[in-house]
Amino acid sequence: METATYKHPASLVPLQTKYCPGCGHGVIHRLITEVIDELGLQGSSVVLNPVGCSIWADLYFGTDSVQPAHGRTPAAATGIKRVLPDHLVVCYQGDGDLAAIGTAEIIHAANRGEKFTTIFVNNAIYGMTGGQMAPTTLVGQKATTAPLGRDPGDPGMGYPIRVCEMLATLEGTRYLARGSVDNAVNVRKTKQYIKKAFEAQMRGEGFTLVEILSPCPTNWSMKPVESVDWLVESMIPVFPLGEIKNILQTGGAAAAAAGAVAGGAK
Amino acid sequence: MPEKVLMKGNEAIAEGALLAGCSAYFGYPITPQSEIPAYMAKHMIPRHLTFVQAESEVAAINMVYGAAAAGARAMTSSSSPGVSLKQEGISYLCGADLPCVIVNVARSGPGLGGISPAQGDYFQSTRGGGHGDYYHIVLAPKDVQECADLTFEAFDLADKWRMPVMILADGLIGQMMEGVVLPAARDLASLPKKPWAVGHQGKTGRPFNHVSSINLVPDELEKSVNDRFERYKAIAESEVRSVSTNCDKADLILVGYGTSSRVAGGAMALAKAEGIELGLFRPKTLWPFPYAEIAELAAKGKKFLCVEMSMGQMVEDVILGVGSSGVSSDKAPVYFFGRLGGNIPNEDEVFAAAKDVLAGRAKPHRIGLVDRVPGLRRGLGR
């Protein structure tokens with residue numbers, strides 16, 4: 001019988017973060033570092049911390065890191081992973097970085113089947129710059145640049161982009177999953193997705209991405225608890241959770257292994 | 001005797017890079033440099049080196065950023081409009097102190113401009129073409145031999161000074177074929193160690209490396225830029241290269257780099273045939289610029305005629321060099337002759353311009369639009 005001991009992940013630097021109360025980054029950082037520890041990859045990982053709130057990630061990840069230009073994270077990761085093919089390379093990207101200014105880079109990295117993993121944190125808003133409309137902002141959701149709510153009609157603000165579904169058409173993608181950090185069950189599922197993606201990366205299978213729905217109470221102008229409710233009621237219907245695409249060679253076996261480790265949370 | 005091979009300038013740049021140990025190349029097609037990515041693809045893919053045809057110039061320079069951060073000898077190449085797109089990335093590379101080689105086989109602008117050779121990217125290359133306070137080394141080959149040699153050396157300079165090094169050629173240099181003796185391949189085991197690079201932390205247990213250009217603390221950011229400028233000073237003291245020809249005998253020195261210097265050399269030969277001595281001063285490093293060498297010539301009372309394929313950009317550095325000598329611009333005047341739009345000046349018109357200077361028919365060059373806009377002249381009370 002295995003004994004589970006609660007402890008701080010070795011790959012997570014013991015610092016109080018600069019993130020706002022109720023922000024999802026802290027939980028997501030923890031999930032990533034737990035998996036890095038479980039796979040024994042702390043000394044051979046490179047995390048790319050992007051422009052956005054998570055530019056601070058290099059303070060918190062106890063790994064090597066590279067900070068690229070806004071949106072260019074997948075391009076920089078391409079350079080790193082090609083030079084260090086035996087390393088775990090993790091892109092940490094927000095919705096502005098990945099789905100607006102960096103759209104070309106993510107599509108082509110995915111299409112080339114670059115063998116790194118993107119953790120795509122979708123909080124439907126620009127965080128660090130103060131609540132502007134993001135490519136994933138919901139229709140009707142208010143932002144400083146959409147004060148009356150995102151309106152695809154006359155103001156021409158378009159629709160929220162479903163990144164996993166968009167990338168799923170590309171043959172270079174092997175694993176695309178969408179999790180959430182709104183409750184314990186989804187947190188554990190999200191960790192399984194991350195683990196599957198990292199394991200697939202280390203097997204050299206192809207492009208892997210885990211999108212994570214994450215609350216931003218500050219820029220949603222909500223209390224933290226309200227923000228979790230809003231995520232569940234408003235975001236999940238637009239961004240359905242689950243494995244959007246899984247054509248991993250050893251998908252079944254890896255899934256079973258991940259399930260066992262996570263205590264069978266399904 | 002070493003074997004001489006016939007190559008295009010673009011191919012010599014690519015081969016020079018491979019011989020220097022370039023293990024990661026990222027590029028995007030653009031005329032007139034497309035032989036470089038083609039050559040790299042042909043020679044790198046079979047050797048399992050990293051070659052990626054990127055989705056854009058922007059992506060290519062950021063792939064270089066990643067590969068350089070991971071310690072590889074990395075390169076990208078492009079031509080003028082594409083190099084404009086790379087400027088954001090170059091600023092980040094300089095801000096993060098990452099070595100790499102960037103090749104600009106320049107064409108005419110602005111905008112899409114033309115695909116013929118030009119030298120209108122001098123300011124962009126030598127003044128830090130992106131945002132923020134920075135410079136990087138710029139090398140200007142004048143022939144196919146120097147395409148190979150300077151690209152080969154550029155990787156060493158980049159590693160030594162931890163900064164991007166740019167090769168600024170033009171469409172003529174890139175497209176023409178000449179004989180070239182290739183340098184011996186660099187012993188890869190002899191390459192400098194890069195303890196600041198990411199990767200393999202677990203093997204040594206060193207502290208984690210964070211490659212980044214961000215610093216939100218004003219005093220710290222100011223200090224890091226100041227420190228970098230101390231390094232620039234050391235580079236300016238040790239890495240300036242230029243070639244002087246016949247400058248002792250002549251009163252008028254033609255100044256040009258790359259293609260212009262070849263034409264100026266032709267004009268010098270025409271002059272010699274008519275019994276007129278002209279000198280030729282050719283900067284090989286455009287940054288750092290050979291200000292001291294220009295000042296030394298100015299102190300001897302030489303006149304300068306700058307020949308460029310632009311409206312006059314390097315000429316401003318020559319004027320700065322003369323100014324730093326303490327000699328008045330009356331005693332060491334600087335003149336300018338330029339063609340652009342893809343036109344290459346010919347020897348006859350450069351020689352004619354030199355004769356105008358010698359006969360007192362030419363007006364010295366003034367920086368900016370001072371002599372070109374009447375209103376400006378009045379405004380300056382002249």
# chains A, B, ... in the order shown; residues from 1 in each chain; ligands from 1
>>> interface_residues(of="chain A", to="chain B", cutoff="10 Å", atoms="only C-alpha atoms", output="NGL selection string")
:A and (41-49 or 51 or 55 or 58-59 or 61-84 or 86-89 or 102 or 104-105 or 107-109 or 112)
>>> write_last_selection(atoms="N, CA and C atoms", output="CSV table (one decimal), in the first residue's frame")
chain,number,residue,atom,x,y,z
A,41,LEU,N,11.9,15.3,-13.2
A,41,LEU,CA,12.4,16.1,-14.3
A,41,LEU,C,12.9,17.5,-13.9
A,42,GLN,N,13.0,17.8,-12.6
A,42,GLN,CA,13.3,19.1,-12.2
A,42,GLN,C,14.6,19.6,-12.8
A,43,GLY,N,15.6,18.8,-12.8
A,43,GLY,CA,16.9,19.2,-13.3
A,43,GLY,C,17.0,19.2,-14.8
A,44,SER,N,15.9,18.8,-15.5
A,44,SER,CA,16.0,18.8,-17.0
A,44,SER,C,14.7,19.4,-17.6
A,45,SER,N,14.2,20.4,-16.9
A,45,SER,CA,13.0,21.1,-17.4
A,45,SER,C,13.4,22.6,-17.7
A,46,VAL,N,12.7,23.1,-18.8
A,46,VAL,CA,12.8,24.5,-19.0
A,46,VAL,C,11.3,25.0,-19.2
A,47,VAL,N,11.0,26.0,-18.3
A,47,VAL,CA,9.7,26.6,-18.4
A,47,VAL,C,9.8,28.0,-19.1
A,48,LEU,N,8.9,28.2,-20.0
A,48,LEU,CA,8.8,29.6,-20.6
A,48,LEU,C,7.7,30.4,-20.0
A,49,ASN,N,8.1,31.4,-19.3
A,49,ASN,CA,7.1,32.3,-18.6
A,49,ASN,C,6.8,33.5,-19.6
A,51,VAL,N,4.7,36.9,-21.4
A,51,VAL,CA,4.3,38.2,-21.0
A,51,VAL,C,2.8,38.1,-20.5
A,55,ILE,N,4.2,36.2,-16.1
A,55,ILE,CA,5.7,36.6,-16.3
A,55,ILE,C,6.4,36.3,-15.0
A,58,ASP,N,8.8,32.6,-13.4
A,58,ASP,CA,10.2,32.2,-13.2
A,58,ASP,C,10.6,32.4,-11.7
A,59,LEU,N,9.8,33.2,-11.0
A,59,LEU,CA,10.2,33.3,-9.5
A,59,LEU,C,9.7,32.1,-8.8
A,61,PHE,N,8.8,28.8,-10.2
A,61,PHE,CA,9.2,27.5,-10.7
A,61,PHE,C,10.7,27.3,-10.4
A,62,GLY,N,10.9,26.2,-9.7
A,62,GLY,CA,12.3,25.8,-9.4
A,62,GLY,C,12.9,25.0,-10.5
A,63,THR,N,13.0,25.7,-11.7
A,63,THR,CA,13.6,25.0,-12.9
A,63,THR,C,14.3,26.1,-13.6
A,64,ASP,N,15.0,25.8,-14.7
A,64,ASP,CA,15.5,26.8,-15.6
A,64,ASP,C,14.3,27.4,-16.3
A,65,SER,N,14.5,28.7,-16.8
A,65,SER,CA,13.4,29.3,-17.4
A,65,SER,C,13.9,30.3,-18.5
A,66,VAL,N,13.0,30.5,-19.4
A,66,VAL,CA,13.3,31.5,-20.5
A,66,VAL,C,12.1,32.4,-20.7
A,67,GLN,N,12.3,33.7,-20.7
A,67,GLN,CA,11.2,34.7,-20.8
A,67,GLN,C,11.2,35.2,-22.3
A,68,PRO,N,10.3,34.9,-23.1
A,68,PRO,CA,10.3,35.4,-24.5
A,68,PRO,C,9.4,36.6,-24.7
A,69,ALA,N,9.4,37.1,-25.9
A,69,ALA,CA,8.5,38.3,-26.2
A,69,ALA,C,7.1,37.8,-26.3
A,70,HIS,N,6.2,38.8,-26.1
A,70,HIS,CA,4.7,38.6,-26.0
A,70,HIS,C,4.2,37.8,-27.3
A,71,GLY,N,3.7,36.6,-27.0
A,71,GLY,CA,3.1,35.8,-28.0
A,71,GLY,C,4.1,34.9,-28.7
A,72,ARG,N,5.4,35.1,-28.5
A,72,ARG,CA,6.4,34.3,-29.3
A,72,ARG,C,6.8,33.1,-28.5
A,73,THR,N,6.1,32.8,-27.4
A,73,THR,CA,6.4,31.7,-26.6
A,73,THR,C,6.6,30.4,-27.4
A,74,PRO,N,5.7,30.0,-28.3
A,74,PRO,CA,5.9,28.7,-29.0
A,74,PRO,C,7.1,28.8,-29.9
A,75,ALA,N,7.4,29.9,-30.5
A,75,ALA,CA,8.6,30.0,-31.3
A,75,ALA,C,9.9,29.8,-30.5
A,76,ALA,N,10.0,30.5,-29.4
A,76,ALA,CA,11.1,30.4,-28.5
A,76,ALA,C,11.2,28.9,-28.0
A,77,ALA,N,10.1,28.3,-27.7
A,77,ALA,CA,10.1,26.9,-27.2
A,77,ALA,C,10.5,26.0,-28.3
A,78,THR,N,10.2,26.3,-29.5
A,78,THR,CA,10.7,25.5,-30.6
A,78,THR,C,12.2,25.5,-30.7
A,79,GLY,N,12.8,26.7,-30.5
A,79,GLY,CA,14.3,26.7,-30.5
A,79,GLY,C,14.8,26.0,-29.3
A,80,ILE,N,14.2,26.1,-28.2
A,80,ILE,CA,14.8,25.4,-27.0
A,80,ILE,C,14.7,23.9,-27.1
A,81,LYS,N,13.5,23.4,-27.5
A,81,LYS,CA,13.2,22.0,-27.5
A,81,LYS,C,14.1,21.3,-28.6
A,82,ARG,N,14.3,22.0,-29.7
A,82,ARG,CA,15.1,21.4,-30.8
A,82,ARG,C,16.5,21.3,-30.3
A,83,VAL,N,17.0,22.2,-29.5
A,83,VAL,CA,18.4,22.1,-29.0
A,83,VAL,C,18.5,21.2,-27.8
A,84,LEU,N,17.4,21.0,-27.0
A,84,LEU,CA,17.4,20.2,-25.8
A,84,LEU,C,16.3,19.1,-25.9
A,86,ASP,N,15.9,16.1,-25.1
A,86,ASP,CA,15.6,15.2,-24.0
A,86,ASP,C,15.1,15.9,-22.8
A,87,HIS,N,14.8,17.3,-22.9
A,87,HIS,CA,14.3,18.0,-21.7
A,87,HIS,C,12.8,18.2,-21.8
A,88,LEU,N,12.2,18.4,-20.6
A,88,LEU,CA,10.8,18.8,-20.6
A,88,LEU,C,10.7,20.3,-20.8
A,89,VAL,N,10.1,20.7,-21.9
A,89,VAL,CA,9.9,22.1,-22.2
A,89,VAL,C,8.4,22.5,-22.1
A,102,GLY,N,-0.1,35.9,-30.4
A,102,GLY,CA,0.7,34.8,-30.7
A,102,GLY,C,0.0,33.7,-31.5
A,104,ALA,N,-0.3,33.1,-34.7
A,104,ALA,CA,0.5,32.5,-35.8
A,104,ALA,C,1.5,31.5,-35.2
A,105,GLU,N,2.1,31.9,-34.1
A,105,GLU,CA,3.2,31.0,-33.5
A,105,GLU,C,2.6,29.7,-33.0
A,107,ILE,N,-0.3,28.2,-33.8
A,107,ILE,CA,-0.8,27.3,-34.9
A,107,ILE,C,0.3,26.6,-35.6
A,108,HIS,N,1.4,27.3,-35.9
A,108,HIS,CA,2.5,26.6,-36.7
A,108,HIS,C,3.3,25.7,-35.8
A,109,ALA,N,3.5,26.1,-34.5
A,109,ALA,CA,4.2,25.1,-33.6
A,109,ALA,C,3.4,23.8,-33.5
A,112,ARG,N,3.6,21.9,-36.8
A,112,ARG,CA,4.9,21.2,-37.0
A,112,ARG,C,5.0,20.0,-36.0
>>> select_by_dssp(residues="region 138-227 of chain A", states="strand (DSSP E)", output="PyMOL selection string")
chain A and resi 173-180+207-213
>>> select_by_dssp(residues="region 124-358 of chain B", states="helix (DSSP H, G or I)", output="number ranges by chain")
B: 124-126, 144-161, 171-175, 188-190, 201-204, 218-238, 258-273, 291-299, 314-324, 347-358
>>> residues_around(residues="Lys18 (chain A)", least_positions_apart="2", cutoff="10 Å", atoms="only C-alpha atoms", output="PyMOL selection string")
chain A and resi 15-16+20-21+26+53-54+56-57+59-60
>>> residues_around(residues="region 261-272 of chain B", least_positions_apart="4", cutoff="9 Å", atoms="only C-alpha atoms", output="short mmCIF file (atom, residue, chain, number, x, y, z; two decimals) with N, CA and C atoms, in the first residue's frame")
data_model
loop_
_atom_site.label_atom_id
_atom_site.label_comp_id
_atom_site.auth_asym_id
_atom_site.auth_seq_id
_atom_site.Cartn_x
_atom_site.Cartn_y
_atom_site.Cartn_z
N LYS B 142 32.62 42.74 -48.13
CA LYS B 142 32.66 43.40 -49.43
C LYS B 142 32.74 42.40 -50.58
N ASP B 143 32.98 41.13 -50.27
CA ASP B 143 33.07 40.13 -51.33
C ASP B 143 32.69 38.76 -50.77
N THR B 245 43.36 52.25 -48.01
CA THR B 245 44.15 52.04 -49.22
C THR B 245 44.54 53.39 -49.80
N LEU B 254 37.91 58.41 -50.43
CA LEU B 254 36.58 57.85 -50.64
C LEU B 254 36.28 56.93 -49.46
N VAL B 255 35.05 57.02 -48.93
CA VAL B 255 34.67 56.16 -47.81
C VAL B 255 33.44 55.35 -48.22
N GLY B 256 33.56 54.06 -48.13
CA GLY B 256 32.42 53.21 -48.47
C GLY B 256 32.58 51.84 -47.83
N TYR B 257 31.45 51.14 -47.66
CA TYR B 257 31.49 49.77 -47.14
C TYR B 257 30.77 48.86 -48.13
N ILE B 276 45.52 61.12 -60.91
CA ILE B 276 44.93 61.71 -59.69
C ILE B 276 44.96 60.65 -58.59
N GLU B 277 45.48 61.02 -57.43
CA GLU B 277 45.51 60.08 -56.30
C GLU B 277 44.24 60.22 -55.47
N LEU B 278 43.51 59.13 -55.30
CA LEU B 278 42.38 59.09 -54.37
C LEU B 278 42.67 58.01 -53.33
N GLY B 279 42.20 58.23 -52.13
CA GLY B 279 42.32 57.20 -51.09
C GLY B 279 41.01 56.44 -50.95
N LEU B 280 41.07 55.29 -50.28
CA LEU B 280 39.85 54.53 -50.01
C LEU B 280 39.88 54.05 -48.56
N PHE B 281 38.86 54.42 -47.82
CA PHE B 281 38.74 53.97 -46.44
C PHE B 281 37.47 53.12 -46.34
N ARG B 282 37.67 51.86 -45.91
CA ARG B 282 36.52 50.94 -45.86
C ARG B 282 36.31 50.41 -44.45
N VAL B 307 30.57 57.33 -50.28
CA VAL B 307 29.79 56.73 -51.37
C VAL B 307 28.88 55.69 -50.76
N GLU B 308 27.59 55.88 -50.94
CA GLU B 308 26.63 54.93 -50.35
C GLU B 308 25.49 54.67 -51.32
N ILE B 344 23.04 50.90 -58.38
CA ILE B 344 24.39 50.82 -57.83
C ILE B 344 25.20 51.90 -58.52
N PRO B 345 25.89 52.76 -57.77
CA PRO B 345 26.69 53.80 -58.43
C PRO B 345 27.74 53.15 -59.32
N ASN B 346 28.08 53.80 -60.45
CA ASN B 346 29.17 53.25 -61.25
C ASN B 346 30.44 54.06 -61.03
N GLU B 347 31.55 53.48 -61.47
CA GLU B 347 32.87 54.08 -61.21
C GLU B 347 32.97 55.48 -61.81
N ASP B 348 32.39 55.64 -63.01
CA ASP B 348 32.49 56.93 -63.69
C ASP B 348 31.83 58.03 -62.89
N GLU B 349 30.61 57.75 -62.36
CA GLU B 349 29.93 58.83 -61.65
C GLU B 349 30.57 59.11 -60.29
N VAL B 350 31.16 58.08 -59.67
CA VAL B 350 31.88 58.33 -58.41
C VAL B 350 33.14 59.15 -58.70
N PHE B 351 33.85 58.80 -59.78
CA PHE B 351 35.05 59.56 -60.15
C PHE B 351 34.67 61.01 -60.48
N ALA B 352 33.54 61.18 -61.19
CA ALA B 352 33.09 62.54 -61.53
C ALA B 352 32.78 63.33 -60.25
N ALA B 354 34.13 62.85 -57.36
CA ALA B 354 35.43 63.14 -56.73
C ALA B 354 36.07 64.35 -57.41
N LYS B 355 35.99 64.40 -58.73
CA LYS B 355 36.57 65.55 -59.45
C LYS B 355 35.86 66.85 -59.08
#
>>> closest_residue(among="A:Asp182, A:Glu205, A:Asp95, A:Glu165", to="Leu248 (chain A)", atoms="only C-alpha atoms")
A:Glu205
>>> atom_distance(atom1="CA of Gly341 (chain B)", atom2="CA of Pro37 (chain B)")
25.4 Å
>>> atom_distance(atom1="CA of Ser234 (chain A)", atom2="CA of Leu98 (chain A)")
21.3 Å
>>> atom_distance(atom1="CA of Leu139 (chain B)", atom2="CA of Asp170 (chain B)")
12.0 Å
>>> residues_around(residues="Gly16 (chain B)", least_positions_apart="6", cutoff="6 Å", atoms="only C-alpha atoms", output="ChimeraX atom specification")
/B:148,151-152
>>> residues_around(residues="Ala140 (chain B)", least_positions_apart="3", cutoff="10 Å", atoms="only C-alpha atoms", output="PyMOL selection string")
chain B and resi 104+143+146-147+150-151+166-170+257-259+282-287
>>> write_last_selection(atoms="N, CA and C atoms", output="PDB file, in the first residue's frame")
ATOM      1  N   ASN B 104      21.594  40.195 -42.751  1.00  0.00           N
ATOM      2  CA  ASN B 104      20.716  41.037 -43.561  1.00  0.00           C
ATOM      3  C   ASN B 104      21.348  41.202 -44.939  1.00  0.00           C
ATOM      4  N   ASP B 143      32.980  41.127 -50.265  1.00  0.00           N
ATOM      5  CA  ASP B 143      33.069  40.132 -51.330  1.00  0.00           C
ATOM      6  C   ASP B 143      32.689  38.756 -50.773  1.00  0.00           C
ATOM      7  N   GLU B 146      34.821  37.449 -47.879  1.00  0.00           N
ATOM      8  CA  GLU B 146      34.465  38.016 -46.571  1.00  0.00           C
ATOM      9  C   GLU B 146      33.102  37.530 -46.075  1.00  0.00           C
ATOM     10  N   CYS B 147      32.218  37.153 -47.008  1.00  0.00           N
ATOM     11  CA  CYS B 147      30.942  36.554 -46.560  1.00  0.00           C
ATOM     12  C   CYS B 147      31.237  35.317 -45.707  1.00  0.00           C
ATOM     13  N   LEU B 150      33.717  36.562 -42.418  1.00  0.00           N
ATOM     14  CA  LEU B 150      33.087  37.386 -41.373  1.00  0.00           C
ATOM     15  C   LEU B 150      31.937  36.642 -40.693  1.00  0.00           C
ATOM     16  N   THR B 151      31.222  35.800 -41.463  1.00  0.00           N
ATOM     17  CA  THR B 151      30.156  35.023 -40.816  1.00  0.00           C
ATOM     18  C   THR B 151      30.762  34.021 -39.839  1.00  0.00           C
ATOM     19  N   MET B 166      25.456  41.144 -36.344  1.00  0.00           N
ATOM     20  CA  MET B 166      24.769  41.214 -37.631  1.00  0.00           C
ATOM     21  C   MET B 166      25.778  41.240 -38.772  1.00  0.00           C
ATOM     22  N   ILE B 167      25.495  40.459 -39.809  1.00  0.00           N
ATOM     23  CA  ILE B 167      26.207  40.568 -41.076  1.00  0.00           C
ATOM     24  C   ILE B 167      25.338  41.448 -41.959  1.00  0.00           C
ATOM     25  N   LEU B 168      25.841  42.627 -42.323  1.00  0.00           N
ATOM     26  CA  LEU B 168      25.077  43.515 -43.205  1.00  0.00           C
ATOM     27  C   LEU B 168      25.704  43.466 -44.592  1.00  0.00           C
ATOM     28  N   ALA B 169      25.105  42.648 -45.455  1.00  0.00           N
ATOM     29  CA  ALA B 169      25.532  42.575 -46.856  1.00  0.00           C
ATOM     30  C   ALA B 169      24.458  43.262 -47.694  1.00  0.00           C
ATOM     31  N   ASP B 170      24.473  43.054 -48.979  1.00  0.00           N
ATOM     32  CA  ASP B 170      23.365  43.537 -49.809  1.00  0.00           C
ATOM     33  C   ASP B 170      23.155  42.538 -50.935  1.00  0.00           C
ATOM     34  N   TYR B 257      31.453  51.138 -47.655  1.00  0.00           N
ATOM     35  CA  TYR B 257      31.492  49.766 -47.142  1.00  0.00           C
ATOM     36  C   TYR B 257      30.766  48.858 -48.134  1.00  0.00           C
ATOM     37  N   GLY B 258      31.056  47.588 -48.061  1.00  0.00           N
ATOM     38  CA  GLY B 258      30.360  46.609 -48.903  1.00  0.00           C
ATOM     39  C   GLY B 258      30.482  46.958 -50.376  1.00  0.00           C
ATOM     40  N   THR B 259      29.369  46.850 -51.092  1.00  0.00           N
ATOM     41  CA  THR B 259      29.351  47.090 -52.535  1.00  0.00           C
ATOM     42  C   THR B 259      29.897  48.472 -52.889  1.00  0.00           C
ATOM     43  N   ARG B 282      37.665  51.860 -45.914  1.00  0.00           N
ATOM     44  CA  ARG B 282      36.518  50.939 -45.864  1.00  0.00           C
ATOM     45  C   ARG B 282      36.310  50.410 -44.452  1.00  0.00           C
ATOM     46  N   PRO B 283      35.225  50.837 -43.780  1.00  0.00           N
ATOM     47  CA  PRO B 283      34.902  50.230 -42.486  1.00  0.00           C
ATOM     48  C   PRO B 283      34.442  48.781 -42.699  1.00  0.00           C
ATOM     49  N   LYS B 284      35.017  47.857 -41.931  1.00  0.00           N
ATOM     50  CA  LYS B 284      34.524  46.470 -41.939  1.00  0.00           C
ATOM     51  C   LYS B 284      33.560  46.245 -40.775  1.00  0.00           C
ATOM     52  N   THR B 285      33.799  46.943 -39.677  1.00  0.00           N
ATOM     53  CA  THR B 285      32.805  46.976 -38.601  1.00  0.00           C
ATOM     54  C   THR B 285      32.041  48.288 -38.739  1.00  0.00           C
ATOM     55  N   LEU B 286      30.730  48.188 -38.895  1.00  0.00           N
ATOM     56  CA  LEU B 286      29.915  49.412 -38.973  1.00  0.00           C
ATOM     57  C   LEU B 286      29.510  49.838 -37.570  1.00  0.00           C
ATOM     58  N   TRP B 287      29.343  48.866 -36.679  1.00  0.00           N
ATOM     59  CA  TRP B 287      29.308  49.140 -35.237  1.00  0.00           C
ATOM     60  C   TRP B 287      30.186  48.101 -34.578  1.00  0.00           C
TER      61      TRP B 287
END
>>> residues_around(residues="region 294-305 of chain B", least_positions_apart="6", cutoff="9 Å", atoms="only C-alpha atoms", output="PyMOL selection string")
chain B and resi 247-248+250-256+281+315+318-329+331-337+353-354+357+364
>>> write_last_selection(atoms="N, CA and C atoms", output="compact mmCIF listing (two decimals), in the first residue's frame")
# COMPACT_ATOMS: atom_id res chain seq x y z
N CYS B 247 45.62 56.02 -48.64
CA CYS B 247 45.17 57.22 -47.92
C CYS B 247 46.34 58.18 -47.64
N ASP B 248 47.57 57.66 -47.61
CA ASP B 248 48.72 58.54 -47.36
C ASP B 248 48.96 59.50 -48.51
N ALA B 250 46.83 60.45 -50.92
CA ALA B 250 45.71 61.22 -51.47
C ALA B 250 45.23 62.29 -50.50
N ASP B 251 44.69 63.38 -51.06
CA ASP B 251 44.05 64.41 -50.24
C ASP B 251 42.57 64.10 -50.03
N LEU B 252 42.01 63.40 -51.00
CA LEU B 252 40.58 63.07 -50.91
C LEU B 252 40.42 61.56 -50.69
N ILE B 253 39.71 61.23 -49.64
CA ILE B 253 39.51 59.82 -49.28
C ILE B 253 38.07 59.43 -49.59
N LEU B 254 37.91 58.41 -50.43
CA LEU B 254 36.58 57.85 -50.64
C LEU B 254 36.28 56.93 -49.46
N VAL B 255 35.05 57.02 -48.93
CA VAL B 255 34.67 56.16 -47.81
C VAL B 255 33.44 55.35 -48.22
N GLY B 256 33.56 54.06 -48.13
CA GLY B 256 32.42 53.21 -48.47
C GLY B 256 32.58 51.84 -47.83
N PHE B 281 38.86 54.42 -47.82
CA PHE B 281 38.74 53.97 -46.44
C PHE B 281 37.47 53.12 -46.34
N VAL B 315 27.55 58.39 -43.82
CA VAL B 315 28.22 59.70 -43.87
C VAL B 315 28.10 60.43 -42.53
N VAL B 318 30.86 59.37 -40.39
CA VAL B 318 32.13 59.99 -40.82
C VAL B 318 32.20 61.42 -40.30
N ILE B 319 31.08 62.14 -40.37
CA ILE B 319 31.04 63.52 -39.84
C ILE B 319 31.30 63.50 -38.33
N LEU B 320 30.73 62.53 -37.63
CA LEU B 320 30.99 62.41 -36.19
C LEU B 320 32.48 62.13 -35.93
N GLY B 321 33.06 61.29 -36.78
CA GLY B 321 34.49 60.97 -36.63
C GLY B 321 35.35 62.20 -36.84
N VAL B 322 35.03 62.98 -37.86
CA VAL B 322 35.76 64.23 -38.12
C VAL B 322 35.58 65.17 -36.93
N GLY B 323 34.33 65.26 -36.45
CA GLY B 323 34.05 66.15 -35.32
C GLY B 323 34.86 65.78 -34.09
N SER B 324 35.07 64.48 -33.89
CA SER B 324 35.78 64.04 -32.69
C SER B 324 37.28 64.35 -32.78
N SER B 325 37.76 64.74 -33.98
CA SER B 325 39.19 65.00 -34.14
C SER B 325 39.57 66.40 -33.66
N GLY B 326 38.56 67.25 -33.51
CA GLY B 326 38.85 68.63 -33.14
C GLY B 326 39.22 69.49 -34.34
N VAL B 327 39.32 68.84 -35.50
CA VAL B 327 39.62 69.60 -36.73
C VAL B 327 38.32 70.19 -37.25
N SER B 328 38.33 71.43 -37.69
CA SER B 328 37.09 72.06 -38.15
C SER B 328 36.65 71.40 -39.45
N SER B 329 35.33 71.40 -39.66
CA SER B 329 34.80 70.76 -40.85
C SER B 329 35.21 71.51 -42.12
N LYS B 331 38.33 72.38 -42.62
CA LYS B 331 39.64 71.80 -42.95
C LYS B 331 39.53 70.36 -43.40
N ALA B 332 38.52 69.64 -42.88
CA ALA B 332 38.33 68.24 -43.26
C ALA B 332 36.87 68.04 -43.64
N PRO B 333 36.45 68.64 -44.76
CA PRO B 333 35.03 68.56 -45.13
C PRO B 333 34.63 67.15 -45.57
N VAL B 334 33.35 66.86 -45.38
CA VAL B 334 32.82 65.54 -45.74
C VAL B 334 31.75 65.73 -46.82
N TYR B 335 31.97 65.08 -47.94
CA TYR B 335 31.04 65.16 -49.07
C TYR B 335 30.34 63.82 -49.22
N PHE B 336 29.26 63.85 -50.01
CA PHE B 336 28.47 62.62 -50.15
C PHE B 336 28.03 62.42 -51.59
N PHE B 337 28.11 61.16 -52.02
CA PHE B 337 27.50 60.78 -53.30
C PHE B 337 26.71 59.49 -53.09
N ALA B 353 32.14 62.65 -59.28
CA ALA B 353 31.83 63.33 -58.02
C ALA B 353 33.12 63.72 -57.30
N ALA B 354 34.13 62.85 -57.36
CA ALA B 354 35.43 63.14 -56.73
C ALA B 354 36.07 64.35 -57.41
N VAL B 357 34.56 67.49 -56.19
CA VAL B 357 35.08 67.88 -54.87
C VAL B 357 36.45 68.53 -55.02
N PRO B 364 29.75 70.52 -49.06
CA PRO B 364 29.83 69.47 -48.03
C PRO B 364 28.44 68.98 -47.61
>>> closest_residue(among="A:Gly149, A:Pro50, A:Gly24, A:Gly96", to="Gly179 (chain A)", atoms="only C-alpha atoms")
A:Gly24
>>> closest_residue(among="A:Glu233, A:Glu171, A:Glu226, A:Glu114", to="Phe207 (chain A)", atoms="only C-alpha atoms")
A:Glu114
>>> decode(residues="region 211-222 of chain A", atoms="C-alpha atoms", output="short mmCIF file (atom, residue, chain, number, x, y, z; two decimals), in the first residue's frame")
data_model
loop_
_atom_site.label_atom_id
_atom_site.label_comp_id
_atom_site.auth_asym_id
_atom_site.auth_seq_id
_atom_site.Cartn_x
_atom_site.Cartn_y
_atom_site.Cartn_z
CA GLU A 211 -6.06 24.46 -21.63
CA ILE A 212 -7.07 25.38 -18.10
CA LEU A 213 -10.08 27.56 -17.26
CA SER A 214 -8.99 29.79 -14.44
CA PRO A 215 -10.69 32.56 -12.46
CA CYS A 216 -9.56 36.20 -12.50
CA PRO A 217 -11.70 37.80 -9.79
CA THR A 218 -9.82 41.11 -9.92
CA ASN A 219 -10.48 41.79 -13.57
CA TRP A 220 -13.89 40.14 -13.58
CA SER A 221 -14.79 42.57 -10.72
CA MET A 222 -15.98 39.71 -8.52
#
